[in-house]
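In what follows, a single structure is set out as structure tokens and then discussed.
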Amino acid sequence: MIIDLKEQTEQAYEVQKQFKSTCDVCGKETEDVVVCCSSFGPFSIAVCKDCLEQGKECYSDMVSYIACAGHFPKDINEVYQREVRRQLTLHGISEEQFIADVEKEVDEYRSYYG
Ligand SMILES: [Zn+2]
């Protein structure tokens with residue numbers, strides 16, 4: 001038997017619509033949540049339609065991702081600096097707060113390795 005992918009996808013979508021899911025970015029519980037790739041790294045996030053349309057990312061994931069690369073902004077290339085600043089505007093968070101959050105995460109990572 002050949003599987004009809006279109007029919008299967010439509011059935012899966014109908015099932016999914018019956019359930020509300022929580023957006024990883026804003027925390028809203030809605031039927032309009034999809035799972036997609038983060039633009040910050042090789043991981044997936046559940047995101048609502050509003051956040052998806054803005055390209056808004058999960059703040060704590062962004063802090064972790066940047067902290068893995070180093071200190072902001074000196075260790076981060078211009079492309080990511082621009083995207084971080086765009087995200088900070090979307091989240092209404094100051095760059096100073098972001099830098100403090102990244103430094104805290106960098107210190108935590110260092111504690112893992114002695
Ligand atoms: Zn959202």
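Numbering starts fresh at 1 for the residues of each chain in the structure tokens, the chains themselves are lettered A, B, ... in the order given, and ligands are numbered from 1 as they appear.
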
Determine which residues of chain A receive a DSSP assignment of alpha helix (DSSP H), computed from the backbone, and state them as a compact mmCIF listing (two decimals) with N, CA and C atoms, in the first residue's frame.
# COMPACT_ATOMS: atom_id res chain seq x y z
N LEU A 5 0.92 10.88 1.42
CA LEU A 5 1.50 11.85 2.36
C LEU A 5 0.60 13.07 2.56
N LYS A 6 -0.05 13.52 1.49
CA LYS A 6 -0.91 14.69 1.61
C LYS A 6 -2.07 14.40 2.57
N GLU A 7 -2.66 13.23 2.38
CA GLU A 7 -3.77 12.85 3.25
C GLU A 7 -3.29 12.69 4.70
N GLN A 8 -2.12 12.07 4.84
CA GLN A 8 -1.57 11.88 6.19
C GLN A 8 -1.27 13.21 6.87
N THR A 9 -0.71 14.16 6.12
CA THR A 9 -0.39 15.47 6.66
C THR A 9 -1.67 16.19 7.08
N GLU A 10 -2.69 16.11 6.22
CA GLU A 10 -3.96 16.77 6.55
C GLU A 10 -4.58 16.15 7.80
N GLN A 11 -4.49 14.83 7.90
CA GLN A 11 -5.03 14.16 9.10
C GLN A 11 -4.25 14.59 10.35
N ALA A 12 -2.93 14.66 10.22
CA ALA A 12 -2.11 15.07 11.36
C ALA A 12 -2.43 16.50 11.78
N TYR A 13 -2.65 17.37 10.80
CA TYR A 13 -2.97 18.76 11.09
C TYR A 13 -4.32 18.85 11.81
N GLU A 14 -5.30 18.06 11.36
CA GLU A 14 -6.62 18.06 12.01
C GLU A 14 -6.51 17.60 13.46
N VAL A 15 -5.67 16.59 13.68
CA VAL A 15 -5.46 16.10 15.05
C VAL A 15 -4.78 17.18 15.88
N GLN A 16 -3.74 17.81 15.31
CA GLN A 16 -2.98 18.83 16.04
C GLN A 16 -3.88 20.00 16.43
N LYS A 17 -4.82 20.37 15.54
CA LYS A 17 -5.68 21.53 15.80
C LYS A 17 -6.57 21.32 17.02
N LYS A 49 1.89 31.66 15.85
CA LYS A 49 1.84 32.38 14.58
C LYS A 49 2.36 33.81 14.73
N ASP A 50 2.00 34.50 15.82
CA ASP A 50 2.45 35.89 16.02
C ASP A 50 3.97 35.97 16.09
N CYS A 51 4.57 35.09 16.88
CA CYS A 51 6.04 35.11 17.03
C CYS A 51 6.72 34.68 15.73
N LEU A 52 6.13 33.70 15.05
CA LEU A 52 6.69 33.23 13.79
C LEU A 52 6.74 34.36 12.77
N GLU A 53 5.65 35.13 12.68
CA GLU A 53 5.60 36.23 11.70
C GLU A 53 6.64 37.31 11.98
N GLN A 54 6.98 37.48 13.26
CA GLN A 54 8.00 38.48 13.63
C GLN A 54 9.42 37.91 13.57
N TYR A 59 14.15 33.99 24.16
CA TYR A 59 15.23 34.79 24.75
C TYR A 59 16.28 33.92 25.45
N SER A 60 15.85 32.98 26.26
CA SER A 60 16.83 32.17 27.01
C SER A 60 17.67 31.30 26.07
N ASP A 61 17.08 30.84 24.98
CA ASP A 61 17.85 30.08 23.98
C ASP A 61 18.91 30.98 23.34
N MET A 62 18.53 32.22 23.05
CA MET A 62 19.47 33.16 22.44
C MET A 62 20.63 33.45 23.39
N VAL A 63 20.33 33.63 24.67
CA VAL A 63 21.39 33.86 25.67
C VAL A 63 22.35 32.67 25.68
N SER A 64 21.80 31.46 25.74
CA SER A 64 22.63 30.25 25.78
C SER A 64 23.48 30.11 24.52
N TYR A 65 22.87 30.34 23.38
CA TYR A 65 23.59 30.18 22.12
C TYR A 65 24.75 31.15 22.01
N ILE A 66 24.50 32.41 22.34
CA ILE A 66 25.56 33.42 22.26
C ILE A 66 26.64 33.12 23.30
N ALA A 67 26.26 32.70 24.50
CA ALA A 67 27.23 32.40 25.56
C ALA A 67 28.16 31.25 25.15
N CYS A 68 27.65 30.32 24.35
CA CYS A 68 28.50 29.22 23.85
C CYS A 68 29.60 29.77 22.95
N ALA A 69 29.33 30.87 22.26
CA ALA A 69 30.31 31.45 21.33
C ALA A 69 31.25 32.42 22.05
N GLU A 78 29.21 40.35 13.09
CA GLU A 78 28.25 41.44 12.88
C GLU A 78 26.85 40.96 12.52
N VAL A 79 26.77 39.85 11.78
CA VAL A 79 25.46 39.32 11.38
C VAL A 79 24.66 38.94 12.63
N TYR A 80 25.31 38.20 13.54
CA TYR A 80 24.61 37.79 14.77
C TYR A 80 24.39 38.98 15.70
N GLN A 81 25.32 39.93 15.73
CA GLN A 81 25.10 41.13 16.55
C GLN A 81 23.82 41.84 16.13
N ARG A 82 23.66 42.00 14.80
CA ARG A 82 22.45 42.66 14.28
C ARG A 82 21.20 41.88 14.66
N GLU A 83 21.25 40.55 14.51
CA GLU A 83 20.06 39.75 14.82
C GLU A 83 19.76 39.78 16.32
N VAL A 84 20.79 39.73 17.15
CA VAL A 84 20.57 39.82 18.60
C VAL A 84 19.89 41.15 18.92
N ARG A 85 20.39 42.24 18.35
CA ARG A 85 19.81 43.56 18.64
C ARG A 85 18.36 43.65 18.15
N ARG A 86 18.06 43.01 17.01
CA ARG A 86 16.68 42.98 16.52
C ARG A 86 15.80 42.21 17.51
N GLN A 87 16.31 41.07 17.98
CA GLN A 87 15.56 40.26 18.95
C GLN A 87 15.34 41.04 20.26
N LEU A 88 16.36 41.76 20.71
CA LEU A 88 16.24 42.52 21.95
C LEU A 88 15.14 43.57 21.83
N THR A 89 15.05 44.20 20.66
CA THR A 89 13.97 45.18 20.43
C THR A 89 12.61 44.49 20.51
N LEU A 90 12.49 43.31 19.87
CA LEU A 90 11.23 42.57 19.90
C LEU A 90 10.84 42.18 21.33
N HIS A 91 11.84 41.84 22.13
CA HIS A 91 11.58 41.41 23.51
C HIS A 91 11.50 42.58 24.49
N GLU A 95 20.33 46.00 25.84
CA GLU A 95 21.58 45.30 25.52
C GLU A 95 22.39 45.06 26.80
N GLU A 96 22.33 45.99 27.74
CA GLU A 96 23.06 45.83 29.00
C GLU A 96 22.56 44.60 29.76
N GLN A 97 21.23 44.42 29.78
CA GLN A 97 20.65 43.25 30.46
C GLN A 97 21.08 41.97 29.75
N PHE A 98 21.06 42.01 28.40
CA PHE A 98 21.46 40.83 27.63
C PHE A 98 22.92 40.47 27.92
N ILE A 99 23.79 41.47 27.92
CA ILE A 99 25.22 41.22 28.20
C ILE A 99 25.36 40.60 29.59
N ALA A 100 24.64 41.12 30.56
CA ALA A 100 24.70 40.57 31.93
C ALA A 100 24.22 39.12 31.95
N ASP A 101 23.16 38.82 31.21
CA ASP A 101 22.63 37.45 31.17
C ASP A 101 23.61 36.50 30.48
N VAL A 102 24.26 36.99 29.41
CA VAL A 102 25.25 36.16 28.70
C VAL A 102 26.44 35.90 29.62
N GLU A 103 26.93 36.93 30.33
CA GLU A 103 28.07 36.76 31.24
C GLU A 103 27.76 35.74 32.33
N LYS A 104 26.55 35.78 32.86
CA LYS A 104 26.13 34.82 33.88
C LYS A 104 26.18 33.39 33.31
N GLU A 105 25.72 33.25 32.09
CA GLU A 105 25.71 31.93 31.44
C GLU A 105 27.14 31.47 31.15
N VAL A 106 28.01 32.38 30.69
CA VAL A 106 29.42 32.03 30.43
C VAL A 106 30.06 31.53 31.72
N ASP A 107 29.82 32.23 32.84
CA ASP A 107 30.36 31.81 34.14
C ASP A 107 29.85 30.41 34.51
N GLU A 108 28.56 30.17 34.22
CA GLU A 108 27.99 28.86 34.55
C GLU A 108 28.65 27.76 33.71
N TYR A 109 28.86 28.04 32.41
CA TYR A 109 29.52 27.05 31.55
C TYR A 109 30.92 26.74 32.08
N ARG A 110 31.65 27.79 32.48
CA ARG A 110 33.01 27.60 32.98
C ARG A 110 33.02 26.71 34.23
N SER A 111 31.97 26.83 35.06
CA SER A 111 31.92 26.04 36.29
C SER A 111 31.80 24.55 35.98
N TYR A 112 31.27 24.23 34.79
CA TYR A 112 31.15 22.82 34.42
C TYR A 112 32.54 22.20 34.14
N TYR A 113 33.46 23.04 33.65
CA TYR A 113 34.75 22.52 33.19
C TYR A 113 35.91 22.85 34.12

Worksheet item: Leaving out stretch 27-36 of chain A and any residue of its chain fewer than 5 positions from it, which residues lie within 6 Å of it when counting only C-alpha atoms, given as JSON, numbers by chain?
Response: {"A": [17, 20, 21, 22, 44, 45, 46, 47, 48, 49]}

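Atom pair atom CA of A:Val25 / atom CA of A:Cys58 has a distance of 4.3 Å (rounded to one decimal).
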
Practice prompt. Please return as a VMD selection string: the residues of stretch 28-77 of chain A that backbone DSSP assigns to strand (DSSP E or B).
Written response: chain A and resid 29 to 30 33 to 37 44 to 48

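Candidate residues A:Gly55, A:Gln18, A:Asp4, A:Ser39 were compared for distance to ligand 1, and the nearest is A:Gly55, using only C-alpha atoms and all ligand atoms.
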
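Atom CA of A:Lys74 is positioned 22.6 Å from atom CA of A:Ser38.
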
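Nearest residue to ligand 1, choosing from A:Gly41, A:His71, A:Lys56, A:Phe19 and counting only C-alpha atoms and all ligand atoms: A:Lys56.
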